[in-house]
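Asks: Coordinates in model24.pdb, PDB, C-alpha atoms and all ligand atoms, are listed below.
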MODEL        1
ATOM      1  CA  MET A 831      27.705 -21.895-143.794  1.00  0.00           C
ATOM      2  CA  THR A 832      27.141 -21.332-140.111  1.00  0.00           C
ATOM      3  CA  THR A 833      28.492 -18.496-138.055  1.00  0.00           C
ATOM      4  CA  GLU A 834      29.102 -18.001-134.360  1.00  0.00           C
ATOM      5  CA  ASN A 835      26.064 -15.756-134.274  1.00  0.00           C
ATOM      6  CA  SER A 836      23.764 -18.596-135.253  1.00  0.00           C
ATOM      7  CA  THR A 837      24.958 -20.913-132.458  1.00  0.00           C
ATOM      8  CA  PRO A 838      22.195 -21.293-129.895  1.00  0.00           C
ATOM      9  CA  ASP A 839      23.073 -20.412-126.319  1.00  0.00           C
ATOM     10  CA  ALA A 840      24.438 -23.311-124.306  1.00  0.00           C
ATOM     11  CA  PRO A 841      21.864 -24.671-121.847  1.00  0.00           C
ATOM     12  CA  THR A 842      22.110 -22.987-118.468  1.00  0.00           C
ATOM     13  CA  ILE A 843      22.999 -24.998-115.387  1.00  0.00           C
ATOM     14  CA  ASP A 844      19.402 -24.643-114.194  1.00  0.00           C
ATOM     15  CA  ALA A 845      18.067 -25.948-117.516  1.00  0.00           C
ATOM     16  CA  ARG A 846      20.406 -28.937-117.325  1.00  0.00           C
ATOM     17  CA  LEU A 847      19.225 -29.579-113.759  1.00  0.00           C
ATOM     18  CA  ARG A 848      15.582 -29.477-114.867  1.00  0.00           C
ATOM     19  CA  GLU A 849      16.366 -31.855-117.741  1.00  0.00           C
ATOM     20  CA  ASP A 850      18.076 -34.242-115.340  1.00  0.00           C
ATOM     21  CA  VAL A 851      15.193 -34.182-112.840  1.00  0.00           C
ATOM     22  CA  SER A 852      12.617 -34.589-115.626  1.00  0.00           C
ATOM     23  CA  ALA A 853      14.483 -37.570-117.008  1.00  0.00           C
ATOM     24  CA  ARG A 854      14.715 -39.221-113.590  1.00  0.00           C
ATOM     25  CA  LEU A 855      11.004 -38.698-112.924  1.00  0.00           C
ATOM     26  CA  ALA A 856      10.046 -39.953-116.385  1.00  0.00           C
ATOM     27  CA  ALA A 857      12.120 -43.109-115.827  1.00  0.00           C
ATOM     28  CA  ALA A 858      10.048 -43.965-112.743  1.00  0.00           C
ATOM     29  CA  PRO A 859       6.406 -43.868-113.850  1.00  0.00           C
ATOM     30  CA  ASP A 860       5.259 -45.422-110.558  1.00  0.00           C
ATOM     31  CA  GLY A 861       6.892 -42.500-108.749  1.00  0.00           C
ATOM     32  CA  VAL A 862       9.437 -44.614-106.891  1.00  0.00           C
ATOM     33  CA  LEU A 863      13.032 -43.715-107.724  1.00  0.00           C
ATOM     34  CA  PRO A 864      16.173 -45.804-107.170  1.00  0.00           C
ATOM     35  CA  ILE A 865      18.019 -44.890-103.949  1.00  0.00           C
ATOM     36  CA  VAL A 866      21.769 -44.490-104.414  1.00  0.00           C
ATOM     37  CA  GLN A 867      24.089 -46.291-102.009  1.00  0.00           C
ATOM     38  CA  ALA A 868      27.172 -45.277-100.018  1.00  0.00           C
ATOM     39  CA  GLY A 869      30.141 -44.970-102.331  1.00  0.00           C
ATOM     40  CA  ASN A 870      28.215 -42.828-104.818  1.00  0.00           C
ATOM     41  CA  PRO A 871      29.936 -39.420-104.889  1.00  0.00           C
ATOM     42  CA  VAL A 872      26.607 -37.551-104.885  1.00  0.00           C
ATOM     43  CA  LEU A 873      26.239 -38.530-101.215  1.00  0.00           C
ATOM     44  CA  ARG A 874      29.571 -36.922-100.355  1.00  0.00           C
ATOM     45  CA  TYR A 875      29.215 -33.409-101.785  1.00  0.00           C
ATOM     46  CA  PRO A 876      27.315 -30.560-100.162  1.00  0.00           C
ATOM     47  CA  ALA A 877      24.012 -30.179-101.999  1.00  0.00           C
ATOM     48  CA  MET A 878      23.305 -26.903-103.816  1.00  0.00           C
ATOM     49  CA  PRO A 879      21.019 -24.516-101.960  1.00  0.00           C
ATOM     50  CA  TYR A 880      17.566 -24.608-103.533  1.00  0.00           C
ATOM     51  CA  THR A 881      16.767 -21.199-105.014  1.00  0.00           C
ATOM     52  CA  GLY A 882      13.870 -22.074-107.294  1.00  0.00           C
ATOM     53  CA  GLN A 883      15.932 -23.859-109.951  1.00  0.00           C
ATOM     54  CA  LEU A 884      13.215 -26.459-110.629  1.00  0.00           C
ATOM     55  CA  GLY A 885      10.284 -24.092-111.133  1.00  0.00           C
ATOM     56  CA  PRO A 886       7.067 -26.058-111.731  1.00  0.00           C
ATOM     57  CA  LEU A 887       8.953 -29.369-111.477  1.00  0.00           C
ATOM     58  CA  LEU A 888       9.364 -29.013-107.701  1.00  0.00           C
ATOM     59  CA  PRO A 889       5.958 -30.490-106.738  1.00  0.00           C
ATOM     60  CA  ASP A 890       6.622 -33.490-108.990  1.00  0.00           C
ATOM     61  CA  LEU A 891      10.008 -34.057-107.371  1.00  0.00           C
ATOM     62  CA  ILE A 892       8.482 -33.816-103.889  1.00  0.00           C
ATOM     63  CA  ASP A 893       5.765 -36.327-104.828  1.00  0.00           C
ATOM     64  CA  ALA A 894       8.423 -38.741-106.074  1.00  0.00           C
ATOM     65  CA  MET A 895      10.540 -38.266-102.939  1.00  0.00           C
ATOM     66  CA  ARG A 896       7.518 -38.941-100.725  1.00  0.00           C
ATOM     67  CA  GLU A 897       6.583 -42.101-102.640  1.00  0.00           C
ATOM     68  CA  THR A 898      10.200 -43.304-102.680  1.00  0.00           C
ATOM     69  CA  MET A 899      10.532 -42.752 -98.919  1.00  0.00           C
ATOM     70  CA  ARG A 900       7.271 -44.567 -98.184  1.00  0.00           C
ATOM     71  CA  ALA A 901       8.076 -47.481-100.494  1.00  0.00           C
ATOM     72  CA  ALA A 902      11.540 -48.023 -98.976  1.00  0.00           C
ATOM     73  CA  PRO A 903      10.125 -47.762 -96.249  1.00  0.00           C
ATOM     74  CA  GLY A 904      11.881 -44.939 -94.443  1.00  0.00           C
ATOM     75  CA  VAL A 905      11.212 -41.909 -92.254  1.00  0.00           C
ATOM     76  CA  GLY A 906      13.244 -39.439 -94.295  1.00  0.00           C
ATOM     77  CA  LEU A 907      14.848 -38.991 -97.705  1.00  0.00           C
ATOM     78  CA  ALA A 908      17.246 -36.341 -98.964  1.00  0.00           C
ATOM     79  CA  ALA A 909      17.404 -35.390-102.650  1.00  0.00           C
ATOM     80  CA  PRO A 910      21.044 -36.553-103.049  1.00  0.00           C
ATOM     81  CA  GLN A 911      19.815 -40.056-102.144  1.00  0.00           C
ATOM     82  CA  ILE A 912      17.989 -40.124-105.473  1.00  0.00           C
ATOM     83  CA  GLY A 913      20.966 -38.577-107.232  1.00  0.00           C
ATOM     84  CA  ILE A 914      19.801 -34.953-107.174  1.00  0.00           C
ATOM     85  CA  ALA A 915      22.284 -32.586-105.521  1.00  0.00           C
ATOM     86  CA  LEU A 916      19.783 -30.047-104.209  1.00  0.00           C
ATOM     87  CA  ALA A 917      19.210 -29.132-100.543  1.00  0.00           C
ATOM     88  CA  ILE A 918      15.729 -30.633-100.285  1.00  0.00           C
ATOM     89  CA  ALA A 919      14.568 -33.420 -97.949  1.00  0.00           C
ATOM     90  CA  VAL A 920      11.283 -35.030 -96.968  1.00  0.00           C
ATOM     91  CA  VAL A 921      10.463 -36.552 -93.575  1.00  0.00           C
ATOM     92  CA  GLU A 922       7.544 -38.514 -92.119  1.00  0.00           C
ATOM     93  CA  ASP A 923       7.193 -40.865 -89.165  1.00  0.00           C
ATOM     94  CA  ALA A 924       4.097 -42.474 -87.713  1.00  0.00           C
ATOM     95  CA  GLY A 925       5.704 -42.460 -84.271  1.00  0.00           C
ATOM     96  CA  ALA A 926       5.748 -45.069 -81.514  1.00  0.00           C
ATOM     97  CA  PRO A 927       4.057 -45.546 -78.112  1.00  0.00           C
ATOM     98  CA  ASP A 928       4.726 -42.939 -75.421  1.00  0.00           C
ATOM     99  CA  ASP A 929       6.977 -45.249 -73.379  1.00  0.00           C
ATOM    100  CA  ASP A 930       9.482 -45.609 -76.247  1.00  0.00           C
ATOM    101  CA  PRO A 931      12.798 -44.232 -74.902  1.00  0.00           C
ATOM    102  CA  ARG A 932      13.524 -42.613 -78.261  1.00  0.00           C
ATOM    103  CA  GLU A 933      10.637 -40.160 -77.647  1.00  0.00           C
ATOM    104  CA  ARG A 934       9.282 -41.146 -81.033  1.00  0.00           C
ATOM    105  CA  SER A 935       6.358 -38.772 -81.396  1.00  0.00           C
ATOM    106  CA  ALA A 936       4.588 -38.655 -84.766  1.00  0.00           C
ATOM    107  CA  LEU A 937       6.175 -36.464 -87.423  1.00  0.00           C
ATOM    108  CA  PRO A 938       3.620 -35.634 -90.129  1.00  0.00           C
ATOM    109  CA  PHE A 939       4.890 -35.478 -93.719  1.00  0.00           C
ATOM    110  CA  ARG A 940       6.807 -32.320 -94.426  1.00  0.00           C
ATOM    111  CA  VAL A 941       9.363 -30.881 -96.817  1.00  0.00           C
ATOM    112  CA  LEU A 942      12.619 -29.264 -95.661  1.00  0.00           C
ATOM    113  CA  VAL A 943      14.274 -26.813 -98.061  1.00  0.00           C
ATOM    114  CA  ASN A 944      17.786 -25.574 -97.203  1.00  0.00           C
ATOM    115  CA  PRO A 945      17.476 -26.874 -93.638  1.00  0.00           C
ATOM    116  CA  ALA A 946      19.985 -26.221 -90.862  1.00  0.00           C
ATOM    117  CA  TYR A 947      19.978 -27.215 -87.201  1.00  0.00           C
ATOM    118  CA  ALA A 948      21.706 -26.373 -83.968  1.00  0.00           C
ATOM    119  CA  ALA A 949      21.600 -28.299 -80.703  1.00  0.00           C
ATOM    120  CA  THR A 950      19.598 -26.482 -78.048  1.00  0.00           C
ATOM    121  CA  SER A 951      21.661 -27.962 -75.192  1.00  0.00           C
ATOM    122  CA  ASP A 952      24.439 -30.456 -74.433  1.00  0.00           C
ATOM    123  CA  ASP A 953      21.846 -33.170 -73.857  1.00  0.00           C
ATOM    124  CA  GLU A 954      22.694 -36.110 -76.145  1.00  0.00           C
ATOM    125  CA  VAL A 955      21.100 -39.512 -76.645  1.00  0.00           C
ATOM    126  CA  ALA A 956      22.394 -42.683 -78.320  1.00  0.00           C
ATOM    127  CA  PHE A 957      20.248 -45.068 -80.344  1.00  0.00           C
ATOM    128  CA  TYR A 958      20.565 -47.484 -83.229  1.00  0.00           C
ATOM    129  CA  GLU A 959      20.091 -45.680 -86.527  1.00  0.00           C
ATOM    130  CA  GLY A 960      20.034 -46.765 -90.163  1.00  0.00           C
ATOM    131  CA  CYS A 961      20.065 -45.145 -93.595  1.00  0.00           C
ATOM    132  CA  LEU A 962      18.386 -46.049 -96.881  1.00  0.00           C
ATOM    133  CA  SER A 963      21.751 -45.356 -98.570  1.00  0.00           C
ATOM    134  CA  VAL A 964      23.662 -47.723 -96.249  1.00  0.00           C
ATOM    135  CA  ARG A 965      21.217 -50.530 -96.824  1.00  0.00           C
ATOM    136  CA  GLY A 966      21.377 -53.574 -94.594  1.00  0.00           C
ATOM    137  CA  TRP A 967      23.264 -52.020 -91.680  1.00  0.00           C
ATOM    138  CA  SER A 968      22.573 -50.209 -88.419  1.00  0.00           C
ATOM    139  CA  ALA A 969      24.833 -48.584 -85.853  1.00  0.00           C
ATOM    140  CA  VAL A 970      24.485 -46.595 -82.654  1.00  0.00           C
ATOM    141  CA  ARG A 971      24.766 -42.862 -83.227  1.00  0.00           C
ATOM    142  CA  ARG A 972      24.895 -40.225 -80.499  1.00  0.00           C
ATOM    143  CA  ARG A 973      22.954 -37.087 -81.373  1.00  0.00           C
ATOM    144  CA  ALA A 974      21.525 -33.990 -79.787  1.00  0.00           C
ATOM    145  CA  ARG A 975      18.240 -34.829 -78.079  1.00  0.00           C
ATOM    146  CA  SER A 976      16.783 -31.480 -79.081  1.00  0.00           C
ATOM    147  CA  VAL A 977      17.574 -29.131 -81.973  1.00  0.00           C
ATOM    148  CA  ARG A 978      16.438 -25.808 -83.345  1.00  0.00           C
ATOM    149  CA  LEU A 979      15.529 -26.433 -86.995  1.00  0.00           C
ATOM    150  CA  THR A 980      15.588 -23.574 -89.512  1.00  0.00           C
ATOM    151  CA  GLY A 981      14.981 -23.378 -93.260  1.00  0.00           C
ATOM    152  CA  THR A 982      11.850 -23.141 -95.377  1.00  0.00           C
ATOM    153  CA  ASP A 983       9.145 -25.433 -96.645  1.00  0.00           C
ATOM    154  CA  GLN A 984       8.444 -26.068-100.335  1.00  0.00           C
ATOM    155  CA  HIS A 985       6.371 -22.877-100.552  1.00  0.00           C
ATOM    156  CA  GLY A 986       9.116 -20.692 -99.118  1.00  0.00           C
ATOM    157  CA  ALA A 987       7.481 -20.356 -95.687  1.00  0.00           C
ATOM    158  CA  GLU A 988      10.061 -19.983 -92.910  1.00  0.00           C
ATOM    159  CA  ILE A 989      10.717 -22.885 -90.550  1.00  0.00           C
ATOM    160  CA  ASP A 990      12.121 -22.017 -87.126  1.00  0.00           C
ATOM    161  CA  GLU A 991      11.182 -24.495 -84.440  1.00  0.00           C
ATOM    162  CA  VAL A 992      12.554 -26.762 -81.742  1.00  0.00           C
ATOM    163  CA  LEU A 993      12.227 -30.526 -82.187  1.00  0.00           C
ATOM    164  CA  THR A 994      12.948 -33.154 -79.537  1.00  0.00           C
ATOM    165  CA  GLY A 995      13.463 -36.908 -79.552  1.00  0.00           C
ATOM    166  CA  TRP A 996      13.142 -39.010 -82.706  1.00  0.00           C
ATOM    167  CA  PRO A 997      11.858 -36.146 -84.892  1.00  0.00           C
ATOM    168  CA  ALA A 998      15.022 -34.214 -83.899  1.00  0.00           C
ATOM    169  CA  ARG A 999      17.136 -37.224 -84.909  1.00  0.00           C
ATOM    170  CA  ILE A1000      15.375 -37.534 -88.263  1.00  0.00           C
ATOM    171  CA  VAL A1001      15.945 -33.892 -89.226  1.00  0.00           C
ATOM    172  CA  GLN A1002      19.591 -34.090 -88.104  1.00  0.00           C
ATOM    173  CA  HIS A1003      20.126 -37.206 -90.233  1.00  0.00           C
ATOM    174  CA  GLU A1004      18.508 -35.682 -93.345  1.00  0.00           C
ATOM    175  CA  THR A1005      20.185 -32.277 -92.949  1.00  0.00           C
ATOM    176  CA  ASP A1006      23.549 -34.037 -92.601  1.00  0.00           C
ATOM    177  CA  HIS A1007      22.902 -35.750 -95.969  1.00  0.00           C
ATOM    178  CA  LEU A1008      22.621 -32.301 -97.543  1.00  0.00           C
ATOM    179  CA  ARG A1009      26.102 -31.505 -96.211  1.00  0.00           C
ATOM    180  CA  GLY A1010      27.620 -34.658 -97.700  1.00  0.00           C
ATOM    181  CA  GLU A1011      27.612 -36.603 -94.430  1.00  0.00           C
ATOM    182  CA  LEU A1012      26.352 -40.082 -93.568  1.00  0.00           C
ATOM    183  CA  TYR A1013      25.334 -41.203 -90.082  1.00  0.00           C
ATOM    184  CA  ILE A1014      28.167 -43.742 -90.057  1.00  0.00           C
ATOM    185  CA  ASP A1015      30.709 -40.898 -90.132  1.00  0.00           C
ATOM    186  CA  ARG A1016      30.274 -40.453 -86.388  1.00  0.00           C
ATOM    187  CA  ALA A1017      28.568 -43.687 -85.346  1.00  0.00           C
ATOM    188  CA  GLU A1018      29.859 -46.099 -82.710  1.00  0.00           C
ATOM    189  CA  MET A1019      31.514 -48.639 -84.986  1.00  0.00           C
ATOM    190  CA  ARG A1020      31.640 -51.371 -82.335  1.00  0.00           C
ATOM    191  CA  SER A1021      27.841 -51.363 -82.502  1.00  0.00           C
ATOM    192  CA  LEU A1022      27.701 -51.967 -86.274  1.00  0.00           C
ATOM    193  CA  ALA A1023      25.184 -54.710 -87.041  1.00  0.00           C
ATOM    194  CA  ASN A1024      23.741 -56.097 -90.236  1.00  0.00           C
ATOM    195  CA  ASP A1025      20.012 -56.712 -90.561  1.00  0.00           C
ATOM    196  CA  GLU A1026      20.339 -60.341 -89.523  1.00  0.00           C
ATOM    197  CA  ALA A1027      22.277 -59.478 -86.353  1.00  0.00           C
ATOM    198  CA  MET A1028      19.901 -56.619 -85.559  1.00  0.00           C
ATOM    199  CA  GLY A1029      16.959 -59.008 -85.804  1.00  0.00           C
ATOM    200  CA  ARG A1030      18.698 -61.677 -83.748  1.00  0.00           C
ATOM    201  CA  TRP A1031      20.282 -59.504 -81.055  1.00  0.00           C
ATOM    202  CA  TRP A1032      19.451 -55.828 -80.940  1.00  0.00           C
ATOM    203  CA  GLY A1033      16.266 -55.081 -82.833  1.00  0.00           C
ATOM    204  CA  THR A1034      13.782 -56.043 -80.137  1.00  0.00           C
ATOM    205  CA  THR A1035      14.193 -52.963 -77.939  1.00  0.00           C
ATOM    206  CA  PRO A1036      15.350 -49.394 -78.606  1.00  0.00           C
ATOM    207  CA  ASP A1037      17.434 -49.464 -75.383  1.00  0.00           C
ATOM    208  CA  VAL A1038      21.083 -49.688 -76.484  1.00  0.00           C
ATOM    209  CA  ARG A1039      22.538 -50.408 -73.022  1.00  0.00           C
ATOM    210  CA  PRO A1040      22.620 -54.202 -73.594  1.00  0.00           C
ATOM    211  CA  ALA A1041      24.444 -53.715 -76.914  1.00  0.00           C
ATOM    212  CA  ALA A1042      26.908 -51.330 -75.253  1.00  0.00           C
ATOM    213  CA  GLN A1043      27.681 -53.881 -72.552  1.00  0.00           C
ATOM    214  CA  VAL A1044      27.982 -56.923 -74.804  1.00  0.00           C
ATOM    215  CA  LEU A1045      29.688 -55.317 -77.811  1.00  0.00           C
ATOM    216  CA  GLY A1046      31.931 -53.138 -75.675  1.00  0.00           C
ATOM    217  CA  PHE A1047      31.324 -49.444 -76.221  1.00  0.00           C
ATOM    218  CA  ASP A1048      30.670 -46.484 -73.977  1.00  0.00           C
ATOM    219  CA  LEU A1049      27.379 -44.646 -73.906  1.00  0.00           C
ATOM    220  CA  HIS A1050      28.800 -41.577 -72.173  1.00  0.00           C
TER
HETATM  221 ZN    ZN B   1      20.144 -41.513 -94.676  1.00  0.00          ZN
ENDMDL
END
Would it be possible to restate this file's structure as structure tokens?
Replies:
Amino acid sequence: MTTENSTPDAPTIDARLREDVSARLAAAPDGVLPIVQAGNPVLRYPAMPYTGQLGPLLPDLIDAMRETMRAAPGVGLAAPQIGIALAIAVVEDAGAPDDDPRERSALPFRVLVNPAYAATSDDEVAFYEGCLSVRGWSAVRRRARSVRLTGTDQHGAEIDEVLTGWPARIVQHETDHLRGELYIDRAEMRSLANDEAMGRWWGTTPDVRPAAQVLGFDLH
């Protein structure tokens, strides 16, 4: 006969989280995880602040996020995009030539833990943007040209720096994911274009003025 005293403790929330992450990593032996798509509730809830819940699993999760981002390919990936509701994101961009109007300077691989940002001025810029969780579509999104980024890296070291141009856009996009937002929430919907239309009409230059004129939306 069993008694209440012999019942093992229920798994803690952290233990369940570790089990879930372990299972997801084990299901993707090549290190590339499935990316969830818009409509999945995990993309619409604020992620939990990361407070060390994963312990020694964290480096494995980061490796998988990096490989998943590179395979997509993309320039950023937030943990909710692989179904894990923790405030962790990875970013990386090779950059573009200096005359690119997006100011797309190289952004070496880095991990953002519990990131936050604030615009450093009223200066905003509008460019076509896409998301690995809204696959097949792009739209023009106005964003702060320059932001102060705060948070920590994966080792707990403080981040407090100002980013400008495309790197600023990338960290805004990924931080928004961790708040349950998608770029389309405040995109210019008249600009919405699928991959075929982007390739045919708007993908050849980062300058969105022609799209604004032809599709009928304001840039200011
Ligand atoms: Zn995204």
Asks: For ligand ZN 1 (chain B), list the contacting residues at 7 Å or closer, counting only C-alpha atoms and all ligand atoms, as a PDB file with C-alpha atoms, in the frame of the given file.
Replies:
ATOM      1  CA  LEU A 907      14.848 -38.991 -97.705  1.00  0.00           C
ATOM      2  CA  GLY A 960      20.034 -46.765 -90.163  1.00  0.00           C
ATOM      3  CA  CYS A 961      20.065 -45.145 -93.595  1.00  0.00           C
ATOM      4  CA  LEU A 962      18.386 -46.049 -96.881  1.00  0.00           C
ATOM      5  CA  SER A 963      21.751 -45.356 -98.570  1.00  0.00           C
ATOM      6  CA  HIS A1003      20.126 -37.206 -90.233  1.00  0.00           C
ATOM      7  CA  GLU A1004      18.508 -35.682 -93.345  1.00  0.00           C
ATOM      8  CA  HIS A1007      22.902 -35.750 -95.969  1.00  0.00           C
ATOM      9  CA  LEU A1012      26.352 -40.082 -93.568  1.00  0.00           C
ATOM     10  CA  TYR A1013      25.334 -41.203 -90.082  1.00  0.00           C
TER      11      TYR A1013
END
Asks: If I take atom CA of Leu1022 of chain A and atom CA of Pro871 of chain A, how far is one from the other in Å, to one decimal?
Replies: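 Taking atom CA of Leu1022 of chain A as the start and atom CA of Pro871 of chain A as the end point, the length is 22.6 Å.
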Asks: As a check of understanding, name the residues that the PyMOL selection byres (((chain A and resi 925) around 9) and not hetatm) selects in the supplied structure, as a PDB file with C-alpha atoms, in the frame of the given file.
Replies:
ATOM      1  CA  GLU A 922       7.544 -38.514 -92.119  1.00  0.00           C
ATOM      2  CA  ASP A 923       7.193 -40.865 -89.165  1.00  0.00           C
ATOM      3  CA  ALA A 924       4.097 -42.474 -87.713  1.00  0.00           C
ATOM      4  CA  ALA A 926       5.748 -45.069 -81.514  1.00  0.00           C
ATOM      5  CA  PRO A 927       4.057 -45.546 -78.112  1.00  0.00           C
ATOM      6  CA  ASP A 928       4.726 -42.939 -75.421  1.00  0.00           C
ATOM      7  CA  GLU A 933      10.637 -40.160 -77.647  1.00  0.00           C
ATOM      8  CA  ARG A 934       9.282 -41.146 -81.033  1.00  0.00           C
ATOM      9  CA  SER A 935       6.358 -38.772 -81.396  1.00  0.00           C
ATOM     10  CA  ALA A 936       4.588 -38.655 -84.766  1.00  0.00           C
ATOM     11  CA  LEU A 937       6.175 -36.464 -87.423  1.00  0.00           C
ATOM     12  CA  TRP A 996      13.142 -39.010 -82.706  1.00  0.00           C
ATOM     13  CA  PRO A 997      11.858 -36.146 -84.892  1.00  0.00           C
TER      14      PRO A 997
END
Asks: Taking the file as shown, what set of residues would the PyMOL selection byres (((chain A and resi 985) around 10) and not hetatm) give back, as a VMD selection string?
Replies: chain A and resid 888 to 889 941 943 982 to 984 986 to 988
Asks: Could you check how far atom CA of Val862 of chain A sits from atom CA of Ala894 of chain A, in Å to one decimal?
Replies: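 Distance reported for this atom pair: 6.0 Å.
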